[in-house]
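A.B. asks: Have a peek at work-v1.pdb (PDB, C-alpha atoms).
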```pdb
MODEL        1
ATOM      1  CA  MET A 129     -11.011  56.741  14.832  1.00  0.00           C
ATOM      2  CA  ARG A 130     -12.837  56.902  11.512  1.00  0.00           C
ATOM      3  CA  GLN A 131      -9.813  55.499   9.711  1.00  0.00           C
ATOM      4  CA  LEU A 132      -9.756  52.530  12.063  1.00  0.00           C
ATOM      5  CA  LEU A 133     -13.477  51.917  11.406  1.00  0.00           C
ATOM      6  CA  TYR A 134     -12.936  52.068   7.592  1.00  0.00           C
ATOM      7  CA  PHE A 135      -9.976  49.721   7.889  1.00  0.00           C
ATOM      8  CA  ALA A 136     -12.032  47.222   9.925  1.00  0.00           C
ATOM      9  CA  ILE A 137     -14.892  47.283   7.381  1.00  0.00           C
ATOM     10  CA  ALA A 138     -12.469  46.830   4.485  1.00  0.00           C
ATOM     11  CA  ALA A 139     -10.792  43.897   6.247  1.00  0.00           C
ATOM     12  CA  LEU A 140     -14.174  42.227   6.859  1.00  0.00           C
ATOM     13  CA  LEU A 141     -15.209  42.639   3.211  1.00  0.00           C
ATOM     14  CA  ILE A 142     -11.900  41.312   1.927  1.00  0.00           C
ATOM     15  CA  GLY A 143     -12.055  38.425   4.398  1.00  0.00           C
ATOM     16  CA  ALA A 144     -15.575  37.548   3.291  1.00  0.00           C
ATOM     17  CA  PHE A 145     -15.178  37.753  -0.499  1.00  0.00           C
ATOM     18  CA  VAL A 146     -11.573  36.839  -1.359  1.00  0.00           C
ATOM     19  CA  PRO A 147     -11.864  33.192  -0.220  1.00  0.00           C
ATOM     20  CA  LYS A 148     -14.980  32.826  -2.374  1.00  0.00           C
ATOM     21  CA  LEU A 149     -13.119  34.115  -5.408  1.00  0.00           C
ATOM     22  CA  TYR A 150     -10.359  31.555  -4.955  1.00  0.00           C
ATOM     23  CA  SER A 151     -12.604  28.608  -4.107  1.00  0.00           C
ATOM     24  CA  ASN A 152     -15.022  29.167  -7.008  1.00  0.00           C
ATOM     25  CA  GLY A 153     -12.370  30.018  -9.577  1.00  0.00           C
ATOM     26  CA  THR A 154     -13.280  30.679 -13.165  1.00  0.00           C
ATOM     27  CA  PRO A 155     -14.922  28.071 -15.346  1.00  0.00           C
ATOM     28  CA  ALA A 156     -11.625  27.547 -17.164  1.00  0.00           C
ATOM     29  CA  MET A 157      -9.879  26.839 -13.853  1.00  0.00           C
ATOM     30  CA  THR A 158     -12.422  24.391 -12.416  1.00  0.00           C
ATOM     31  CA  THR A 159     -13.141  22.266 -15.479  1.00  0.00           C
ATOM     32  CA  PRO A 160      -9.729  20.531 -15.724  1.00  0.00           C
ATOM     33  CA  ALA A 161      -9.683  19.767 -11.991  1.00  0.00           C
ATOM     34  CA  ARG A 162     -13.041  18.050 -12.189  1.00  0.00           C
ATOM     35  CA  ALA A 163     -12.026  16.145 -15.306  1.00  0.00           C
ATOM     36  CA  ASP A 164      -8.933  14.797 -13.489  1.00  0.00           C
ATOM     37  CA  VAL A 165     -10.981  13.560 -10.527  1.00  0.00           C
ATOM     38  CA  ALA A 166     -13.844  11.946 -12.445  1.00  0.00           C
ATOM     39  CA  PRO A 167     -11.937   9.057 -14.076  1.00  0.00           C
ATOM     40  CA  ALA A 168     -10.413   7.996 -10.761  1.00  0.00           C
ATOM     41  CA  ALA A 169     -13.808   7.982  -9.090  1.00  0.00           C
ATOM     42  CA  ALA A 170     -15.328   6.042 -11.976  1.00  0.00           C
ATOM     43  CA  ALA A 171     -12.561   3.418 -12.087  1.00  0.00           C
ATOM     44  CA  ALA A 172     -13.862  -0.081 -11.403  1.00  0.00           C
ATOM     45  CA  SER A 173     -12.556  -1.759  -8.289  1.00  0.00           C
ATOM     46  CA  ARG A 174     -10.495  -4.902  -8.662  1.00  0.00           C
ATOM     47  CA  LYS A 175     -11.213  -7.860  -6.440  1.00  0.00           C
ATOM     48  CA  VAL A 176      -9.654 -11.259  -5.869  1.00  0.00           C
ATOM     49  CA  THR A 177     -10.850 -14.094  -3.654  1.00  0.00           C
ATOM     50  CA  ILE A 178      -8.462 -16.566  -2.021  1.00  0.00           C
ATOM     51  CA  SER A 179      -9.920 -19.803  -0.676  1.00  0.00           C
ATOM     52  CA  GLN A 180      -8.760 -21.182   2.643  1.00  0.00           C
ATOM     53  CA  SER A 181      -6.396 -24.159   2.312  1.00  0.00           C
ATOM     54  CA  PRO A 182      -7.132 -27.430   4.125  1.00  0.00           C
ATOM     55  CA  ASN A 183      -4.485 -26.403   6.704  1.00  0.00           C
ATOM     56  CA  GLY A 184      -6.581 -23.327   7.576  1.00  0.00           C
ATOM     57  CA  HIS A 185      -4.249 -20.775   5.966  1.00  0.00           C
ATOM     58  CA  PHE A 186      -4.734 -18.574   2.939  1.00  0.00           C
ATOM     59  CA  GLU A 187      -2.082 -19.504   0.416  1.00  0.00           C
ATOM     60  CA  THR A 188      -1.756 -18.094  -3.082  1.00  0.00           C
ATOM     61  CA  PRO A 189       0.672 -17.534  -5.918  1.00  0.00           C
ATOM     62  CA  VAL A 190       1.758 -13.886  -6.132  1.00  0.00           C
ATOM     63  CA  SER A 191       3.329 -12.181  -9.126  1.00  0.00           C
ATOM     64  CA  ILE A 192       6.277 -10.036  -8.066  1.00  0.00           C
ATOM     65  CA  ASP A 193       7.820  -7.954 -10.813  1.00  0.00           C
ATOM     66  CA  GLY A 194       6.320 -10.396 -13.325  1.00  0.00           C
ATOM     67  CA  ARG A 195       7.483 -13.653 -11.681  1.00  0.00           C
ATOM     68  CA  SER A 196       5.276 -15.995  -9.668  1.00  0.00           C
ATOM     69  CA  VAL A 197       6.112 -17.054  -6.109  1.00  0.00           C
ATOM     70  CA  ASP A 198       3.892 -18.861  -3.556  1.00  0.00           C
ATOM     71  CA  PHE A 199       2.887 -17.024  -0.368  1.00  0.00           C
ATOM     72  CA  MET A 200       0.887 -17.490   2.779  1.00  0.00           C
ATOM     73  CA  VAL A 201      -1.184 -14.466   3.784  1.00  0.00           C
ATOM     74  CA  ASP A 202      -0.076 -13.297   7.242  1.00  0.00           C
ATOM     75  CA  THR A 203      -1.832 -10.293   8.767  1.00  0.00           C
ATOM     76  CA  GLY A 204       0.550 -10.575  11.730  1.00  0.00           C
ATOM     77  CA  ALA A 205       3.573  -9.893   9.518  1.00  0.00           C
ATOM     78  CA  SER A 206       4.299  -6.197   9.215  1.00  0.00           C
ATOM     79  CA  MET A 207       5.971  -6.642   5.834  1.00  0.00           C
ATOM     80  CA  ILE A 208       6.265  -9.075   2.972  1.00  0.00           C
ATOM     81  CA  ALA A 209       8.869 -11.648   4.005  1.00  0.00           C
ATOM     82  CA  LEU A 210      10.724 -13.583   1.298  1.00  0.00           C
ATOM     83  CA  ARG A 211      12.921 -16.627   1.685  1.00  0.00           C
ATOM     84  CA  GLU A 212      16.376 -16.155   0.149  1.00  0.00           C
ATOM     85  CA  ARG A 213      15.872 -18.835  -2.487  1.00  0.00           C
ATOM     86  CA  ASP A 214      12.601 -17.280  -3.677  1.00  0.00           C
ATOM     87  CA  ALA A 215      14.149 -13.809  -3.649  1.00  0.00           C
ATOM     88  CA  GLY A 216      16.837 -15.269  -5.932  1.00  0.00           C
ATOM     89  CA  LYS A 217      14.118 -16.491  -8.340  1.00  0.00           C
ATOM     90  CA  LEU A 218      12.992 -12.858  -8.497  1.00  0.00           C
ATOM     91  CA  GLY A 219      16.496 -11.606  -9.232  1.00  0.00           C
ATOM     92  CA  ILE A 220      17.036 -10.277  -5.713  1.00  0.00           C
ATOM     93  CA  PHE A 221      20.416 -11.250  -4.265  1.00  0.00           C
ATOM     94  CA  PRO A 222      21.244  -9.417  -1.022  1.00  0.00           C
ATOM     95  CA  VAL A 223      24.868  -9.564   0.095  1.00  0.00           C
ATOM     96  CA  PRO A 224      25.739 -10.258   3.756  1.00  0.00           C
ATOM     97  CA  ALA A 225      26.199  -6.525   4.446  1.00  0.00           C
ATOM     98  CA  ASP A 226      22.537  -5.929   3.428  1.00  0.00           C
ATOM     99  CA  TYR A 227      21.230  -7.960   6.382  1.00  0.00           C
ATOM    100  CA  THR A 228      20.851  -5.051   8.798  1.00  0.00           C
ATOM    101  CA  ALA A 229      17.223  -5.351   9.944  1.00  0.00           C
ATOM    102  CA  LEU A 230      16.655  -7.365  13.105  1.00  0.00           C
ATOM    103  CA  VAL A 231      13.250  -9.052  13.007  1.00  0.00           C
ATOM    104  CA  ALA A 232      11.334 -11.334  15.357  1.00  0.00           C
ATOM    105  CA  THR A 233       9.982 -14.501  13.770  1.00  0.00           C
ATOM    106  CA  ALA A 234       8.270 -17.581  15.131  1.00  0.00           C
ATOM    107  CA  ASN A 235      11.754 -19.133  15.052  1.00  0.00           C
ATOM    108  CA  GLY A 236      13.360 -16.315  17.057  1.00  0.00           C
ATOM    109  CA  ARG A 237      15.255 -13.159  16.129  1.00  0.00           C
ATOM    110  CA  VAL A 238      17.064 -13.055  12.805  1.00  0.00           C
ATOM    111  CA  LYS A 239      18.713 -10.495  10.550  1.00  0.00           C
ATOM    112  CA  ALA A 240      16.966  -9.618   7.294  1.00  0.00           C
ATOM    113  CA  ALA A 241      17.727  -7.519   4.234  1.00  0.00           C
ATOM    114  CA  ARG A 242      15.342  -4.691   3.328  1.00  0.00           C
ATOM    115  CA  VAL A 243      14.248  -4.586  -0.319  1.00  0.00           C
ATOM    116  CA  GLN A 244      11.688  -2.695  -2.387  1.00  0.00           C
ATOM    117  CA  LEU A 245       9.430  -4.635  -4.759  1.00  0.00           C
ATOM    118  CA  LYS A 246       8.342  -2.673  -7.829  1.00  0.00           C
ATOM    119  CA  LYS A 247       5.057  -4.493  -8.453  1.00  0.00           C
ATOM    120  CA  VAL A 248       3.139  -7.044  -6.376  1.00  0.00           C
ATOM    121  CA  ASP A 249       0.062  -8.520  -8.064  1.00  0.00           C
ATOM    122  CA  ILE A 250      -2.579 -11.094  -7.153  1.00  0.00           C
ATOM    123  CA  GLY A 251      -5.169 -11.647  -9.879  1.00  0.00           C
ATOM    124  CA  GLY A 252      -5.121  -8.040 -11.069  1.00  0.00           C
ATOM    125  CA  VAL A 253      -5.001  -6.494  -7.594  1.00  0.00           C
ATOM    126  CA  THR A 254      -1.711  -4.622  -7.865  1.00  0.00           C
ATOM    127  CA  VAL A 255       0.362  -2.580  -5.425  1.00  0.00           C
ATOM    128  CA  ARG A 256       3.556  -0.827  -6.502  1.00  0.00           C
ATOM    129  CA  ASP A 257       6.699  -0.014  -4.531  1.00  0.00           C
ATOM    130  CA  VAL A 258       6.109  -2.418  -1.666  1.00  0.00           C
ATOM    131  CA  ALA A 259       8.591  -2.777   1.191  1.00  0.00           C
ATOM    132  CA  ALA A 260       9.768  -6.321   1.875  1.00  0.00           C
ATOM    133  CA  LEU A 261      12.377  -8.284   3.781  1.00  0.00           C
ATOM    134  CA  VAL A 262      14.578 -11.142   2.621  1.00  0.00           C
ATOM    135  CA  LEU A 263      15.281 -13.705   5.342  1.00  0.00           C
ATOM    136  CA  PRO A 264      17.564 -16.736   5.392  1.00  0.00           C
ATOM    137  CA  ASP A 265      15.714 -19.872   4.264  1.00  0.00           C
ATOM    138  CA  GLU A 266      16.156 -21.554   7.658  1.00  0.00           C
ATOM    139  CA  ALA A 267      14.449 -18.623   9.424  1.00  0.00           C
ATOM    140  CA  LEU A 268      11.255 -18.765   7.397  1.00  0.00           C
ATOM    141  CA  GLY A 269       9.142 -21.798   6.532  1.00  0.00           C
ATOM    142  CA  GLN A 270       7.399 -20.042   3.648  1.00  0.00           C
ATOM    143  CA  ASN A 271       7.036 -16.599   2.106  1.00  0.00           C
ATOM    144  CA  LEU A 272       4.659 -14.313   3.994  1.00  0.00           C
ATOM    145  CA  LEU A 273       2.356 -11.780   2.395  1.00  0.00           C
ATOM    146  CA  GLY A 274       2.313  -9.163   5.140  1.00  0.00           C
ATOM    147  CA  MET A 275       0.825  -5.777   5.868  1.00  0.00           C
ATOM    148  CA  SER A 276       3.173  -3.762   3.636  1.00  0.00           C
ATOM    149  CA  PHE A 277       0.967  -5.164   0.841  1.00  0.00           C
ATOM    150  CA  LEU A 278      -2.335  -5.820   2.618  1.00  0.00           C
ATOM    151  CA  SER A 279      -2.600  -2.370   4.203  1.00  0.00           C
ATOM    152  CA  GLN A 280      -2.876  -0.871   0.710  1.00  0.00           C
ATOM    153  CA  LEU A 281      -6.136  -2.765   0.107  1.00  0.00           C
ATOM    154  CA  ARG A 282      -9.546  -3.381   1.602  1.00  0.00           C
ATOM    155  CA  TRP A 283      -9.822  -6.970   2.752  1.00  0.00           C
ATOM    156  CA  GLU A 284     -12.146  -9.206   4.675  1.00  0.00           C
ATOM    157  CA  GLN A 285     -12.373 -12.836   5.647  1.00  0.00           C
ATOM    158  CA  LYS A 286     -15.672 -14.682   5.630  1.00  0.00           C
ATOM    159  CA  ASN A 287     -16.933 -18.195   4.952  1.00  0.00           C
ATOM    160  CA  GLY A 288     -13.468 -19.621   4.330  1.00  0.00           C
ATOM    161  CA  LYS A 289     -12.608 -16.928   1.784  1.00  0.00           C
ATOM    162  CA  LEU A 290     -10.236 -13.970   1.928  1.00  0.00           C
ATOM    163  CA  ILE A 291     -11.418 -11.146  -0.308  1.00  0.00           C
ATOM    164  CA  LEU A 292      -8.894  -8.510  -1.377  1.00  0.00           C
ATOM    165  CA  GLU A 293     -10.254  -5.388  -3.062  1.00  0.00           C
ATOM    166  CA  GLN A 294      -8.608  -2.376  -4.581  1.00  0.00           C
TER     167      GLN A 294
ENDMDL
END
```
Translate the structure described by the file into structure tokens.

C.D. replies:
Amino acid sequence: MRQLLYFAIAALLIGAFVPKLYSNGTPAMTTPARADVAPAAAAASRKVTISQSPNGHFETPVSIDGRSVDFMVDTGASMIALRERDAGKLGIFPVPADYTALVATANGRVKAARVQLKKVDIGGVTVRDVAALVLPDEALGQNLLGMSFLSQLRWEQKNGKLILEQ
């Protein structure tokens, strides 16, 4: 019985002090971790404001992998949607076998090709590795800047302005 009591006391002491040893660490262990976190916390946020067009939409040029293409912001689009001809301007040329995604558009259901965009930038607000779809030109009136980009940012609409912040 005594051995069981000693074992229980030892387990309680180990349970109480070992986590503290690992969470506090030594000064040499904690200093680099804090140094890695500080620059990220101190980084300035980037912000861009898009004015509402006369037609009521938010339209803007977007740099994709260093090339500019015009887009309409569409919070109802789950992904960036590119017209084939604009995808071609970006060096993206899906072949017919790539059109495997079935998507619903305002013009009905259509097949699209999934692509990955390395860098999408609007005025210094940049998101990397963004999923997108390429659709036939006749299926899409204009390129749509959808949630695969927007969900990576903080954004708000007020007074005829759309503010994107990173």

A.B. asks: Contacts between stretch 277-290 of chain A and stretch 190-221 of chain A, please, where a residue of stretch 190-221 of chain A counts if it comes within 9 Å (with only C-alpha atoms); show its shortest atom pair and distance in Å to one decimal, rows by chain and ascending number, as JSON lines.

C.D. replies:
```
{"residue": "A:Val201", "atom": "CA", "partner": "A:Leu278", "partner_atom": "CA", "distance": 8.8}
{"residue": "A:Thr203", "atom": "CA", "partner": "A:Leu278", "partner_atom": "CA", "distance": 7.6}
{"residue": "A:Met207", "atom": "CA", "partner": "A:Phe277", "partner_atom": "CA", "distance": 7.2}
{"residue": "A:Ile208", "atom": "CA", "partner": "A:Phe277", "partner_atom": "CA", "distance": 6.9}
```

A.B. asks: Let me see the file: selected residues, C-alpha atoms, as an mmCIF file, keeping the file's coordinate frame.

C.D. replies:
```cif
data_model
loop_
_atom_site.group_PDB
_atom_site.id
_atom_site.type_symbol
_atom_site.label_atom_id
_atom_site.label_comp_id
_atom_site.auth_asym_id
_atom_site.auth_seq_id
_atom_site.Cartn_x
_atom_site.Cartn_y
_atom_site.Cartn_z
ATOM 1 C CA VAL A 201 -1.184 -14.466 3.784
ATOM 2 C CA THR A 203 -1.832 -10.293 8.767
ATOM 3 C CA MET A 207 5.971 -6.642 5.834
ATOM 4 C CA ILE A 208 6.265 -9.075 2.972
#
```

A.B. asks: Taking (0.7, -18.2, -3.5) in the file's coordinates as the center, which residues reach within 12 Å of it, counting all atoms listed in the file, put as a ChimeraX atom specification?

C.D. replies: /A:178-181,185-192,195-202,214,248-251,270-273

A.B. asks: What is the distance between atom CA of A:Lys239 and atom CA of A:Asp257, in Å to one decimal?

C.D. replies: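 Separation of atom CA of A:Lys239 and atom CA of A:Asp257: 21.9 Å.
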
A.B. asks: Give the answer as one residue: which of A:Ala205, A:Leu292, A:Leu245, A:Leu210 has the shortest atom-to-atom distance to A:Val262, using all atoms listed in the file?

C.D. replies: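 Distance minimum relative to A:Val262 lands on A:Leu210.
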
A.B. asks: Which residue, A:Ser206, A:Val253, A:Val258, A:Leu263, has the smallest gap to A:Ala229 when you use all atoms listed in the file?

C.D. replies: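 Answer, going by the shortest atom-to-atom distance: A:Leu263.
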
A.B. asks: With only C-alpha atoms counted, which protein, DNA or RNA residues have an atom no more than 10 Å from (-12.6, -8.2, -7.7) in the file frame? Please answer as a VMD selection string.

C.D. replies: chain A and resid 172 to 177 251 to 253 291 to 294

A.B. asks: To one decimal place, how far is atom CA of A:Ala209 from atom CA of A:Asp193 in Å?

C.D. replies: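 Pair atom CA of A:Ala209 / atom CA of A:Asp193 returns 15.3 Å.
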
A.B. asks: Could you tell me how far atom CA of A:Ile220 lies from atom CA of A:Thr233, in Å and to one decimal?

C.D. replies: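 So the answer is 21.1 Å.
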
A.B. asks: May I ask which of the residues A:Gly269, A:Arg256, A:Arg211, A:Pro182 is the closest one to A:Ala241, counting only C-alpha atoms?

C.D. replies: A:Arg211

A.B. asks: When distances are computed from all atoms listed in the file, which of A:Leu268, A:Val243, A:Val255, A:Ala260 shows the smallest separation from A:Pro222?

C.D. replies: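 The answer is A:Val243, which sits nearest to A:Pro222.
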
A.B. asks: Mind working out the centre and edge lengths of an axis-aligned box for stretch 175-182 of chain A, all listed atoms inside, 8 Å added to each side, rounded to one decimal in Å and written as JSON?

C.D. replies:
```
{"center_x": -8.8, "center_y": -17.6, "center_z": -1.2, "size_x": 20.8, "size_y": 35.6, "size_z": 26.6}
```
